[in-house]
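Visitor: My structure is stored as structure-v9.cif, with mmCIF, C-alpha atoms.
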data_input
#
loop_
_atom_site.group_PDB
_atom_site.id
_atom_site.type_symbol
_atom_site.label_atom_id
_atom_site.label_comp_id
_atom_site.auth_asym_id
_atom_site.auth_seq_id
_atom_site.Cartn_x
_atom_site.Cartn_y
_atom_site.Cartn_z
ATOM 1 C CA MET K 1 17.717 -2.895 10.044
ATOM 2 C CA SER K 2 19.352 -6.145 11.058
ATOM 3 C CA ALA K 3 17.972 -9.491 9.989
ATOM 4 C CA THR K 4 16.929 -10.354 13.516
ATOM 5 C CA ALA K 5 15.819 -7.002 14.945
ATOM 6 C CA PRO K 6 12.134 -6.649 15.742
ATOM 7 C CA ILE K 7 10.394 -4.250 13.414
ATOM 8 C CA VAL K 8 8.292 -1.696 15.198
ATOM 9 C CA SER K 9 6.063 0.519 13.192
ATOM 10 C CA ARG K 10 6.962 4.126 13.766
ATOM 11 C CA MET K 11 3.260 4.824 13.646
ATOM 12 C CA GLU K 12 2.448 2.449 16.460
ATOM 13 C CA SER K 13 5.539 2.422 18.647
ATOM 14 C CA ALA K 14 4.296 5.095 21.028
ATOM 15 C CA ALA K 15 0.893 3.593 21.583
ATOM 16 C CA ARG K 16 1.197 -0.133 21.212
ATOM 17 C CA PRO K 17 3.508 -2.985 22.105
ATOM 18 C CA PRO K 18 6.270 -3.642 19.572
ATOM 19 C CA VAL K 19 5.362 -5.752 16.579
ATOM 20 C CA ALA K 20 7.861 -8.590 16.479
ATOM 21 C CA ILE K 21 8.654 -9.876 13.014
ATOM 22 C CA ASP K 22 9.875 -13.385 12.438
ATOM 23 C CA GLU K 23 12.656 -12.769 9.977
ATOM 24 C CA GLU K 24 14.663 -15.940 10.127
ATOM 25 C CA ARG K 25 17.226 -15.861 7.359
ATOM 26 C CA PRO K 26 17.248 -18.886 5.094
ATOM 27 C CA ALA K 27 20.335 -21.071 5.557
ATOM 28 C CA SER K 28 21.505 -20.268 2.032
ATOM 29 C CA LEU K 29 20.374 -18.564 -1.118
ATOM 30 C CA ASP K 30 18.779 -20.671 -3.792
ATOM 31 C CA GLU K 31 21.068 -21.318 -6.722
ATOM 32 C CA GLU K 32 19.359 -18.917 -9.123
ATOM 33 C CA SER K 33 19.343 -16.014 -6.642
ATOM 34 C CA ALA K 34 23.002 -16.596 -5.803
ATOM 35 C CA ALA K 35 23.848 -16.507 -9.528
ATOM 36 C CA TRP K 36 22.012 -13.198 -9.961
ATOM 37 C CA LEU K 37 23.982 -11.662 -7.088
ATOM 38 C CA ARG K 38 27.301 -13.073 -8.277
ATOM 39 C CA ASP K 39 26.819 -11.802 -11.835
ATOM 40 C CA LEU K 40 25.475 -8.377 -10.864
ATOM 41 C CA ARG K 41 28.363 -7.844 -8.439
ATOM 42 C CA GLY K 42 30.884 -8.998 -11.027
ATOM 43 C CA GLN K 43 32.562 -7.137 -13.822
ATOM 44 C CA GLY K 44 32.825 -7.233 -17.581
ATOM 45 C CA PRO K 45 30.582 -9.176 -19.964
ATOM 46 C CA ALA K 46 29.070 -11.349 -17.225
ATOM 47 C CA ARG K 47 27.806 -8.251 -15.393
ATOM 48 C CA ASP K 48 26.667 -6.546 -18.601
ATOM 49 C CA GLY K 49 24.688 -9.644 -19.535
ATOM 50 C CA ALA K 50 23.143 -9.853 -16.064
ATOM 51 C CA VAL K 51 22.121 -6.192 -16.166
ATOM 52 C CA GLU K 52 20.503 -6.750 -19.563
ATOM 53 C CA ARG K 53 18.620 -9.815 -18.287
ATOM 54 C CA LEU K 54 17.574 -7.904 -15.176
ATOM 55 C CA HIS K 55 16.175 -5.065 -17.284
ATOM 56 C CA ALA K 56 14.202 -7.567 -19.351
ATOM 57 C CA LEU K 57 12.854 -9.150 -16.153
ATOM 58 C CA LEU K 58 11.846 -5.764 -14.749
ATOM 59 C CA LEU K 59 10.227 -4.735 -18.035
ATOM 60 C CA ARG K 60 8.143 -7.903 -17.973
ATOM 61 C CA ALA K 61 7.012 -7.108 -14.429
ATOM 62 C CA ALA K 62 6.248 -3.484 -15.340
ATOM 63 C CA ARG K 63 4.183 -4.616 -18.340
ATOM 64 C CA PHE K 64 2.378 -7.084 -16.084
ATOM 65 C CA GLU K 65 1.374 -4.139 -13.891
ATOM 66 C CA THR K 66 0.357 -1.808 -16.719
ATOM 67 C CA GLY K 67 -1.599 -4.687 -18.251
ATOM 68 C CA ARG K 68 -3.565 -5.078 -15.015
ATOM 69 C CA ARG K 69 -4.417 -1.367 -15.055
ATOM 70 C CA ARG K 70 -5.394 -1.247 -18.759
ATOM 71 C CA ALA K 71 -9.105 -1.836 -18.199
ATOM 72 C CA SER K 72 -9.454 0.706 -15.394
ATOM 73 C CA HIS K 73 -7.440 3.388 -17.236
ATOM 74 C CA PRO K 74 -8.668 3.251 -20.833
ATOM 75 C CA HIS K 75 -7.557 6.861 -21.442
ATOM 76 C CA LEU K 76 -3.930 5.797 -20.833
ATOM 77 C CA ARG K 77 -3.946 2.953 -23.337
ATOM 78 C CA GLY K 78 -1.485 4.647 -25.709
ATOM 79 C CA ASP K 79 0.864 5.568 -22.851
ATOM 80 C CA LEU K 80 1.097 2.283 -21.033
ATOM 81 C CA ASP K 81 4.069 0.837 -22.877
ATOM 82 C CA ASP K 82 6.041 4.063 -22.387
ATOM 83 C CA ILE K 83 5.138 3.926 -18.704
ATOM 84 C CA ALA K 84 6.346 0.321 -18.497
ATOM 85 C CA GLN K 85 9.642 1.210 -20.177
ATOM 86 C CA GLU K 86 10.227 4.161 -17.837
ATOM 87 C CA ALA K 87 9.283 2.023 -14.845
ATOM 88 C CA ALA K 88 11.737 -0.705 -15.876
ATOM 89 C CA ASP K 89 14.526 1.845 -16.341
ATOM 90 C CA ASP K 90 13.899 3.412 -12.917
ATOM 91 C CA ALA K 91 13.503 0.026 -11.246
ATOM 92 C CA LEU K 92 16.815 -1.138 -12.719
ATOM 93 C CA LEU K 93 18.600 1.821 -11.139
ATOM 94 C CA ALA K 94 16.850 1.185 -7.813
ATOM 95 C CA VAL K 95 17.668 -2.531 -7.773
ATOM 96 C CA LEU K 96 21.326 -1.951 -8.613
ATOM 97 C CA ALA K 97 21.611 0.812 -6.011
ATOM 98 C CA ARG K 98 20.042 -1.378 -3.330
ATOM 99 C CA LEU K 99 21.663 -4.703 -4.151
ATOM 100 C CA ASP K 100 23.249 -4.853 -0.696
ATOM 101 C CA ASP K 101 19.786 -4.577 0.883
ATOM 102 C CA TYR K 102 18.774 -7.944 -0.599
ATOM 103 C CA ARG K 103 18.967 -10.350 2.308
ATOM 104 C CA GLY K 104 17.827 -13.539 0.659
ATOM 105 C CA LEU K 105 14.464 -13.627 2.449
ATOM 106 C CA SER K 106 12.770 -14.281 -0.892
ATOM 107 C CA ARG K 107 13.920 -15.282 -4.345
ATOM 108 C CA PHE K 108 15.957 -12.551 -5.979
ATOM 109 C CA THR K 109 13.450 -12.244 -8.799
ATOM 110 C CA THR K 110 10.572 -11.695 -6.338
ATOM 111 C CA TRP K 111 12.596 -9.022 -4.566
ATOM 112 C CA ALA K 112 13.417 -7.316 -7.879
ATOM 113 C CA TYR K 113 9.831 -7.534 -9.179
ATOM 114 C CA LYS K 114 8.495 -5.357 -6.380
ATOM 115 C CA PHE K 115 10.626 -2.437 -7.566
ATOM 116 C CA ALA K 116 9.205 -2.657 -11.080
ATOM 117 C CA LEU K 117 5.618 -3.059 -9.853
ATOM 118 C CA TYR K 118 6.032 -0.089 -7.521
ATOM 119 C CA GLN K 119 7.486 2.136 -10.235
ATOM 120 C CA ALA K 120 4.832 1.144 -12.758
ATOM 121 C CA SER K 121 1.895 1.540 -10.385
ATOM 122 C CA VAL K 122 3.065 4.953 -9.159
ATOM 123 C CA LYS K 123 3.553 6.172 -12.735
ATOM 124 C CA VAL K 124 0.118 4.925 -13.806
ATOM 125 C CA ARG K 125 -1.531 6.700 -10.862
ATOM 126 C CA ARG K 126 0.305 9.945 -11.515
ATOM 127 C CA ARG K 127 -0.240 9.885 -15.293
ATOM 128 C CA SER K 128 -3.910 9.163 -14.733
ATOM 129 C CA TRP K 129 -4.282 12.290 -12.581
ATOM 130 C CA GLN K 130 -2.118 14.540 -14.720
ATOM 131 C CA GLY K 131 -3.856 17.918 -15.160
ATOM 132 C CA ARG K 132 -6.664 17.049 -12.756
ATOM 133 C CA GLU K 133 -7.497 19.103 -9.694
ATOM 134 C CA ILE K 134 -7.324 17.368 -6.340
ATOM 135 C CA PRO K 135 -10.835 17.435 -4.841
ATOM 136 C CA VAL K 136 -10.645 18.760 -1.298
ATOM 137 C CA GLU K 137 -14.333 19.272 -0.571
ATOM 138 C CA ASP K 138 -16.047 16.986 1.857
ATOM 139 C CA GLU K 139 -19.471 17.334 0.260
ATOM 140 C CA ALA K 140 -19.569 13.597 -0.331
ATOM 141 C CA TRP K 141 -19.746 13.060 3.433
ATOM 142 C CA ASN K 142 -22.912 15.114 3.525
ATOM 143 C CA VAL K 143 -24.428 12.966 0.803
ATOM 144 C CA LEU K 144 -23.405 9.733 2.495
ATOM 145 C CA ALA K 145 -24.506 10.948 5.910
ATOM 146 C CA SER K 146 -27.689 12.489 4.530
ATOM 147 C CA ALA K 147 -30.297 13.348 7.121
ATOM 148 C CA GLU K 148 -32.966 11.783 4.941
ATOM 149 C CA THR K 149 -34.483 8.796 6.622
ATOM 150 C CA PRO K 150 -32.378 5.796 5.573
ATOM 151 C CA PRO K 151 -33.638 2.228 5.375
ATOM 152 C CA GLU K 152 -33.722 0.685 8.823
ATOM 153 C CA ASP K 153 -30.652 -1.494 8.215
ATOM 154 C CA GLU K 154 -28.612 1.550 7.198
ATOM 155 C CA ALA K 155 -29.612 3.750 10.135
ATOM 156 C CA GLU K 156 -26.615 2.723 12.250
ATOM 157 C CA GLN K 157 -24.233 3.344 9.351
ATOM 158 C CA SER K 158 -25.720 6.750 8.650
ATOM 159 C CA GLU K 159 -25.435 7.768 12.279
ATOM 160 C CA LEU K 160 -21.788 6.692 12.368
ATOM 161 C CA LEU K 161 -21.096 8.563 9.126
ATOM 162 C CA ARG K 162 -22.580 11.735 10.575
ATOM 163 C CA ALA K 163 -20.375 11.310 13.648
ATOM 164 C CA ILE K 164 -17.343 10.790 11.382
ATOM 165 C CA ARG K 165 -18.212 13.910 9.398
ATOM 166 C CA ASP K 166 -18.491 15.922 12.624
ATOM 167 C CA GLY K 167 -15.286 14.386 13.985
ATOM 168 C CA ILE K 168 -13.385 15.320 10.835
ATOM 169 C CA ALA K 169 -14.485 18.909 11.341
ATOM 170 C CA SER K 170 -13.728 19.090 15.064
ATOM 171 C CA ALA K 171 -10.934 16.650 15.922
ATOM 172 C CA LEU K 172 -8.449 16.923 13.044
ATOM 173 C CA THR K 173 -5.844 19.513 12.143
ATOM 174 C CA PRO K 174 -6.354 21.268 8.783
ATOM 175 C CA HIS K 175 -3.567 19.157 7.230
ATOM 176 C CA GLN K 176 -5.015 15.908 8.614
ATOM 177 C CA ARG K 177 -8.434 16.947 7.284
ATOM 178 C CA THR K 178 -7.051 17.645 3.810
ATOM 179 C CA VAL K 179 -5.227 14.316 3.693
ATOM 180 C CA LEU K 180 -8.065 12.202 5.077
ATOM 181 C CA VAL K 181 -10.730 13.787 2.879
ATOM 182 C CA ALA K 182 -8.600 13.427 -0.263
ATOM 183 C CA LEU K 183 -7.424 9.854 0.357
ATOM 184 C CA ALA K 184 -10.300 8.261 2.234
ATOM 185 C CA LEU K 185 -13.281 10.095 0.788
ATOM 186 C CA ASN K 186 -12.341 11.357 -2.654
ATOM 187 C CA ASP K 187 -10.165 8.373 -3.667
ATOM 188 C CA VAL K 188 -7.157 10.486 -4.624
ATOM 189 C CA PRO K 189 -4.208 8.059 -5.002
ATOM 190 C CA ILE K 190 -1.667 8.604 -2.233
ATOM 191 C CA ASP K 191 1.220 8.969 -4.712
ATOM 192 C CA VAL K 192 -0.656 11.718 -6.549
ATOM 193 C CA LEU K 193 -1.344 13.646 -3.355
ATOM 194 C CA ALA K 194 2.276 13.127 -2.244
ATOM 195 C CA GLU K 195 3.528 14.607 -5.513
ATOM 196 C CA ARG K 196 1.204 17.631 -5.269
ATOM 197 C CA LEU K 197 2.133 18.275 -1.631
ATOM 198 C CA GLN K 198 5.815 17.595 -2.328
ATOM 199 C CA THR K 199 6.066 14.855 0.249
ATOM 200 C CA THR K 200 6.303 11.057 0.291
ATOM 201 C CA ARG K 201 3.807 8.214 0.421
ATOM 202 C CA GLY K 202 5.159 7.212 3.840
ATOM 203 C CA ALA K 203 4.819 10.685 5.314
ATOM 204 C CA LEU K 204 1.267 11.052 4.008
ATOM 205 C CA TYR K 205 0.245 7.637 5.288
ATOM 206 C CA LYS K 206 1.599 8.586 8.723
ATOM 207 C CA THR K 207 -0.657 11.684 8.618
ATOM 208 C CA LEU K 208 -3.615 9.539 7.532
ATOM 209 C CA HIS K 209 -2.880 7.043 10.296
ATOM 210 C CA ASP K 210 -2.727 9.766 12.950
ATOM 211 C CA ALA K 211 -5.934 11.331 11.611
ATOM 212 C CA ARG K 212 -7.734 7.996 11.762
ATOM 213 C CA ARG K 213 -6.539 7.433 15.319
ATOM 214 C CA SER K 214 -7.738 10.897 16.407
ATOM 215 C CA LEU K 215 -11.057 10.246 14.722
ATOM 216 C CA ARG K 216 -11.498 6.870 16.428
ATOM 217 C CA ARG K 217 -10.675 8.434 19.812
ATOM 218 C CA GLU K 218 -13.201 11.207 19.229
ATOM 219 C CA LEU K 219 -15.876 8.693 18.285
ATOM 220 C CA ALA K 220 -15.044 6.415 21.210
ATOM 221 C CA ALA K 221 -15.325 9.381 23.590
ATOM 222 C CA ALA K 222 -18.773 10.062 22.117
ATOM 223 C CA GLY K 223 -19.800 6.484 22.889
ATOM 224 C CA TYR K 224 -19.319 4.804 19.520
ATOM 225 C CA ALA K 225 -17.874 1.300 19.518
ATOM 226 C CA VAL K 226 -14.795 1.927 17.422
ATOM 227 C CA GLY K 227 -11.174 0.945 17.955
ATOM 228 C CA GLU K 228 -10.160 -2.428 19.297
ATOM 229 C CA GLY K 229 -13.670 -3.550 20.081
ATOM 230 C CA ARG K 230 -15.241 -1.923 17.059
ATOM 231 C CA LYS K 231 -18.466 -3.466 15.937
ATOM 232 C CA GLU K 232 -18.467 -4.502 12.317
ATOM 233 C CA VAL K 233 -20.922 -2.378 10.395
ATOM 234 C CA SER K 234 -22.266 -4.404 7.518
ATOM 235 C CA MET O 1 -22.428 -0.738 -5.348
ATOM 236 C CA THR O 2 -25.439 -0.245 -3.083
ATOM 237 C CA ASP O 3 -25.835 2.712 -0.735
ATOM 238 C CA ALA O 4 -25.072 0.386 2.163
ATOM 239 C CA ASP O 5 -21.872 -0.807 0.454
ATOM 240 C CA GLY O 6 -20.847 2.769 -0.219
ATOM 241 C CA LYS O 7 -21.425 3.747 3.388
ATOM 242 C CA SER O 8 -19.610 0.706 4.706
ATOM 243 C CA ARG O 9 -16.628 1.435 2.459
ATOM 244 C CA ALA O 10 -16.570 5.088 3.475
ATOM 245 C CA ILE O 11 -16.583 4.151 7.160
ATOM 246 C CA ALA O 12 -13.794 1.615 6.677
ATOM 247 C CA ARG O 13 -11.642 4.047 4.724
ATOM 248 C CA ALA O 14 -12.179 6.862 7.204
ATOM 249 C CA LEU O 15 -11.449 4.834 10.321
ATOM 250 C CA GLY O 16 -8.788 2.521 8.870
ATOM 251 C CA PRO O 17 -7.622 -0.820 10.219
ATOM 252 C CA VAL O 18 -7.731 -1.559 13.909
ATOM 253 C CA GLY O 19 -4.540 -2.800 15.554
ATOM 254 C CA PRO O 20 -0.833 -2.391 14.961
ATOM 255 C CA GLU O 21 0.304 -1.870 11.399
ATOM 256 C CA VAL O 22 3.625 -1.357 9.711
ATOM 257 C CA SER O 23 4.491 1.783 7.754
ATOM 258 C CA CYS O 24 4.547 2.027 3.937
ATOM 259 C CA GLU O 25 8.354 1.797 3.996
ATOM 260 C CA THR O 26 8.347 -1.370 6.104
ATOM 261 C CA CYS O 27 5.584 -2.814 3.966
ATOM 262 C CA PHE O 28 7.754 -2.387 0.879
ATOM 263 C CA GLU O 29 10.743 -3.960 2.636
ATOM 264 C CA LEU O 30 8.757 -7.041 3.671
ATOM 265 C CA LEU O 31 6.415 -7.458 0.723
ATOM 266 C CA ASP O 32 8.505 -9.981 -1.247
ATOM 267 C CA ARG O 33 8.923 -12.207 1.821
ATOM 268 C CA TYR O 34 5.222 -11.927 2.666
ATOM 269 C CA VAL O 35 4.148 -12.897 -0.859
ATOM 270 C CA GLU O 36 6.483 -15.883 -0.991
ATOM 271 C CA LEU O 37 5.105 -17.153 2.314
ATOM 272 C CA GLU O 38 1.583 -16.772 0.920
ATOM 273 C CA VAL O 39 2.485 -18.631 -2.270
ATOM 274 C CA GLU O 40 4.087 -21.404 -0.211
ATOM 275 C CA GLY O 41 0.896 -21.720 1.847
ATOM 276 C CA ALA O 42 2.674 -20.616 5.043
ATOM 277 C CA ASP O 43 1.148 -18.333 7.670
ATOM 278 C CA ALA O 44 2.434 -15.014 6.340
ATOM 279 C CA ASP O 45 0.417 -12.984 8.866
ATOM 280 C CA ALA O 46 1.941 -14.831 11.817
ATOM 281 C CA ALA O 47 5.447 -14.428 10.412
ATOM 282 C CA LEU O 48 5.091 -10.754 9.531
ATOM 283 C CA PRO O 49 2.516 -9.220 11.885
ATOM 284 C CA GLY O 50 1.187 -5.784 11.086
ATOM 285 C CA LEU O 51 1.557 -6.114 7.353
ATOM 286 C CA ARG O 52 -1.962 -7.353 6.627
ATOM 287 C CA ALA O 53 -3.446 -4.466 8.621
ATOM 288 C CA HIS O 54 -1.383 -2.028 6.575
ATOM 289 C CA LEU O 55 -2.564 -3.579 3.325
ATOM 290 C CA GLU O 56 -6.145 -3.077 4.517
ATOM 291 C CA GLY O 57 -5.473 0.572 5.298
ATOM 292 C CA CYS O 58 -3.311 1.628 2.349
ATOM 293 C CA PRO O 59 -4.900 1.215 -1.111
ATOM 294 C CA ALA O 60 -1.593 1.793 -2.946
ATOM 295 C CA CYS O 61 0.362 -0.847 -1.014
ATOM 296 C CA HIS O 62 -2.686 -3.105 -1.331
ATOM 297 C CA GLU O 63 -2.606 -2.854 -5.140
ATOM 298 C CA GLU O 64 1.113 -3.552 -5.252
ATOM 299 C CA HIS O 65 0.677 -6.580 -3.024
ATOM 300 C CA GLU O 66 -2.078 -7.913 -5.271
ATOM 301 C CA SER O 67 0.137 -7.454 -8.317
ATOM 302 C CA LEU O 68 3.214 -9.109 -6.811
ATOM 303 C CA LEU O 69 1.134 -12.014 -5.561
ATOM 304 C CA ALA O 70 -0.448 -12.462 -9.003
ATOM 305 C CA LEU O 71 2.903 -12.232 -10.797
ATOM 306 C CA VAL O 72 4.727 -14.662 -8.532
ATOM 307 C CA SER O 73 1.771 -17.063 -8.460
ATOM 308 C CA SER O 74 1.681 -17.089 -12.262
ATOM 309 C CA GLU O 75 5.254 -18.389 -12.319
ATOM 310 C CA ARG O 76 4.868 -21.153 -9.753
ATOM 311 C CA PRO O 77 3.329 -24.486 -10.670
#
Starting from the file, give its structure as structure tokens.

Guide:
Amino acid sequence: MSATAPIVSRMESAARPPVAIDEERPASLDEESAAWLRDLRGQGPARDGAVERLHALLLRAARFETGRRRASHPHLRGDLDDIAQEAADDALLAVLARLDDYRGLSRFTTWAYKFALYQASVKVRRRSWQGREIPVEDEAWNVLASAETPPEDEAEQSELLRAIRDGIASALTPHQRTVLVALALNDVPIDVLAERLQTTRGALYKTLHDARRSLRRELAAAGYAVGEGRKEVS
Amino acid sequence: MTDADGKSRAIARALGPVGPEVSCETCFELLDRYVELEVEGADADAALPGLRAHLEGCPACHEEHESLLALVSSERP
């Protein structure tokens, strides 16, 4: 991808106008980012020292992420520092392998942080679901879309939920149904489902995106105001 | 969470964001730039269209955006 090429989502390119991205490259790198690049591309003690500092930076970012997840994953408390260490190690390899991809559109440290945060968050999600079955049932839709008389202000929501439930059954492929029910209804983290289905986050999100689009089309054809002019349902 | 909140969330997660959105891969590529624009007070959504919609539709990318924004913000005066 060049610095000036428009970025068009693969998901949207067939159906929508290209999404142009303003990616103007800064005139020059800031001094600190330039020093990181120079040292990491160098040799000898200067490079060794830079790699060590980079690992420390990535470990700090990974611990920042595991710290944010501590309260919501109390059962992982004893594992979080190991997860942060593994995340920093993997992020270091990723950053060094992709050094030429850094285009100076942000500070080097910001660019590097995202690798550590990604590694740490994926590992926390996967560790948290280790040994757990992936729920594939869509019973929760039936509860949400219950035929019991809802309060008046929820009637519109309940009707839309029933239409969504029916649309999931009639308009989606079995794979789309599995992915949408797991991710959107049962709150299975996308990285966990990707690991179980031996695919990637990007490929699964593309399936989810296509499923959502099919669902919106089905609902629009049935007269529901979804899609571009969708009414907000409060 | 009330029943109405639960229903609203379920509808939003089933139908996803409306409008063009970038993929997870593109989101990762652009996330550092997007966060720096946010921290600088610039119009990140105008500069990088499609990224906000993706963050609304993808809980994992959303969490990573929140974390990067919090980390970078904590280091800037």

Visitor: To one decimal in Å, tell me the separation between atom CA of O:Glu21 and atom CA of O:Ala60.

Guide: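 Computed distance, atom CA of O:Glu21 to atom CA of O:Ala60, equals 14.9 Å.
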
Visitor: Where does chain O meet chain K within 6 Å, residue by residue, with the nearest atom pair and distance in Å to one decimal for each, counting all atoms listed in the file, listed by chain and rising number, as a Markdown table?

Guide:
| residue | atom | partner | partner_atom | distance |
| --- | --- | --- | --- | --- |
| O:Arg13 | CA | K:Ala184 | CA | 5.1 |
| O:Ala14 | CA | K:Ala184 | CA | 5.5 |
| O:Leu15 | CA | K:Arg212 | CA | 5.1 |
| O:Val18 | CA | K:Gly227 | CA | 5.9 |
| O:Val22 | CA | K:Ser9 | CA | 4.6 |
| O:Ser23 | CA | K:Ser9 | CA | 5.8 |
| O:Cys24 | CA | K:Gly202 | CA | 5.2 |
| O:Asp32 | CA | K:Trp111 | CA | 5.4 |
| O:Arg33 | CA | K:Ser106 | CA | 5.1 |
| O:Ala47 | CA | K:Asp22 | CA | 5.0 |
| O:Leu48 | CA | K:Ile21 | CA | 5.1 |

Visitor: Hey, what comes out of the PyMOL selection byres ((chain O and resi 35) around 12) on this file? Could you write it as a PDB file with C-alpha atoms, keeping the file's coordinate frame?

Guide:
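Okay, selection.pdb is ready:
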ATOM      1  CA  LEU K 105      14.464 -13.627   2.449  1.00  0.00           C
ATOM      2  CA  SER K 106      12.770 -14.281  -0.892  1.00  0.00           C
ATOM      3  CA  ARG K 107      13.920 -15.282  -4.345  1.00  0.00           C
ATOM      4  CA  THR K 110      10.572 -11.695  -6.338  1.00  0.00           C
ATOM      5  CA  TRP K 111      12.596  -9.022  -4.566  1.00  0.00           C
ATOM      6  CA  TYR K 113       9.831  -7.534  -9.179  1.00  0.00           C
ATOM      7  CA  LYS K 114       8.495  -5.357  -6.380  1.00  0.00           C
TER       8      LYS K 114
ATOM      9  CA  CYS O  27       5.584  -2.814   3.966  1.00  0.00           C
ATOM     10  CA  PHE O  28       7.754  -2.387   0.879  1.00  0.00           C
ATOM     11  CA  GLU O  29      10.743  -3.960   2.636  1.00  0.00           C
ATOM     12  CA  LEU O  30       8.757  -7.041   3.671  1.00  0.00           C
ATOM     13  CA  LEU O  31       6.415  -7.458   0.723  1.00  0.00           C
ATOM     14  CA  ASP O  32       8.505  -9.981  -1.247  1.00  0.00           C
ATOM     15  CA  ARG O  33       8.923 -12.207   1.821  1.00  0.00           C
ATOM     16  CA  TYR O  34       5.222 -11.927   2.666  1.00  0.00           C
ATOM     17  CA  GLU O  36       6.483 -15.883  -0.991  1.00  0.00           C
ATOM     18  CA  LEU O  37       5.105 -17.153   2.314  1.00  0.00           C
ATOM     19  CA  GLU O  38       1.583 -16.772   0.920  1.00  0.00           C
ATOM     20  CA  VAL O  39       2.485 -18.631  -2.270  1.00  0.00           C
ATOM     21  CA  GLU O  40       4.087 -21.404  -0.211  1.00  0.00           C
ATOM     22  CA  GLY O  41       0.896 -21.720   1.847  1.00  0.00           C
ATOM     23  CA  ALA O  42       2.674 -20.616   5.043  1.00  0.00           C
ATOM     24  CA  ASP O  43       1.148 -18.333   7.670  1.00  0.00           C
ATOM     25  CA  ALA O  44       2.434 -15.014   6.340  1.00  0.00           C
ATOM     26  CA  ASP O  45       0.417 -12.984   8.866  1.00  0.00           C
ATOM     27  CA  ALA O  47       5.447 -14.428  10.412  1.00  0.00           C
ATOM     28  CA  LEU O  48       5.091 -10.754   9.531  1.00  0.00           C
ATOM     29  CA  LEU O  51       1.557  -6.114   7.353  1.00  0.00           C
ATOM     30  CA  ARG O  52      -1.962  -7.353   6.627  1.00  0.00           C
ATOM     31  CA  HIS O  62      -2.686  -3.105  -1.331  1.00  0.00           C
ATOM     32  CA  GLU O  64       1.113  -3.552  -5.252  1.00  0.00           C
ATOM     33  CA  HIS O  65       0.677  -6.580  -3.024  1.00  0.00           C
ATOM     34  CA  GLU O  66      -2.078  -7.913  -5.271  1.00  0.00           C
ATOM     35  CA  SER O  67       0.137  -7.454  -8.317  1.00  0.00           C
ATOM     36  CA  LEU O  68       3.214  -9.109  -6.811  1.00  0.00           C
ATOM     37  CA  LEU O  69       1.134 -12.014  -5.561  1.00  0.00           C
ATOM     38  CA  ALA O  70      -0.448 -12.462  -9.003  1.00  0.00           C
ATOM     39  CA  LEU O  71       2.903 -12.232 -10.797  1.00  0.00           C
ATOM     40  CA  VAL O  72       4.727 -14.662  -8.532  1.00  0.00           C
ATOM     41  CA  SER O  73       1.771 -17.063  -8.460  1.00  0.00           C
TER      42      SER O  73
END

Visitor: So what do you get for atom CA of O:Ala10 versus atom CA of K:Arg132, distance-wise?

Guide: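 Those two atoms sit 22.5 Å apart.
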
Visitor: Rank nothing, just name the residue among O:Pro49, O:Glu75, O:Ala4, O:Glu63 nearest to O:Gly19, using all atoms listed in the file.

Guide: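 Ranking O:Pro49, O:Glu75, O:Ala4, O:Glu63 by distance to O:Gly19, first place goes to O:Pro49.
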
Visitor: Would you mind reading off the distance between atom CA of O:Arg9 and atom CA of K:Glu156, one decimal, in Å?

Guide: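 For atom CA of O:Arg9 relative to atom CA of K:Glu156, the distance reads 14.0 Å.
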
Visitor: Work out where the centre of an axis-aligned box around every listed atom of stretch 24-36 of chain O lies and how long its edges are once 3 Å is added on each side; give both in Å to one decimal as JSON.

Guide:
{"center_x": 7.4, "center_y": -6.9, "center_z": 2.4, "size_x": 12.6, "size_y": 23.9, "size_z": 13.4}

Visitor: Give me, as a list of chain:residue names, all polymer residues having an atom no more than 9 Å from stretch 39-49 of chain K, counting all atoms listed in the file and skipping those fewer than 4 positions away in the same chain.

Guide: K:Ala34, K:Ala35, K:Arg53, K:Leu54, K:Leu96, K:Leu99

Visitor: So that I can check the surroundings of O:Pro17, please list as a list of chain:residue names every protein, DNA and RNA residue that reaches within 8 Å of it, counting all atoms listed in the file and ignoring chain neighbours fewer than 4 positions away.

Guide: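 Here the answer would be O:Ala12, O:Ala53, O:His54, O:Glu56, O:Gly57.
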
Visitor: What does the PyMOL selection byres ((chain K and resi 80-85) around 12) select in this file, as a ChimeraX atom specification?

Guide: /K:55-71,73-79,86-92,116-128
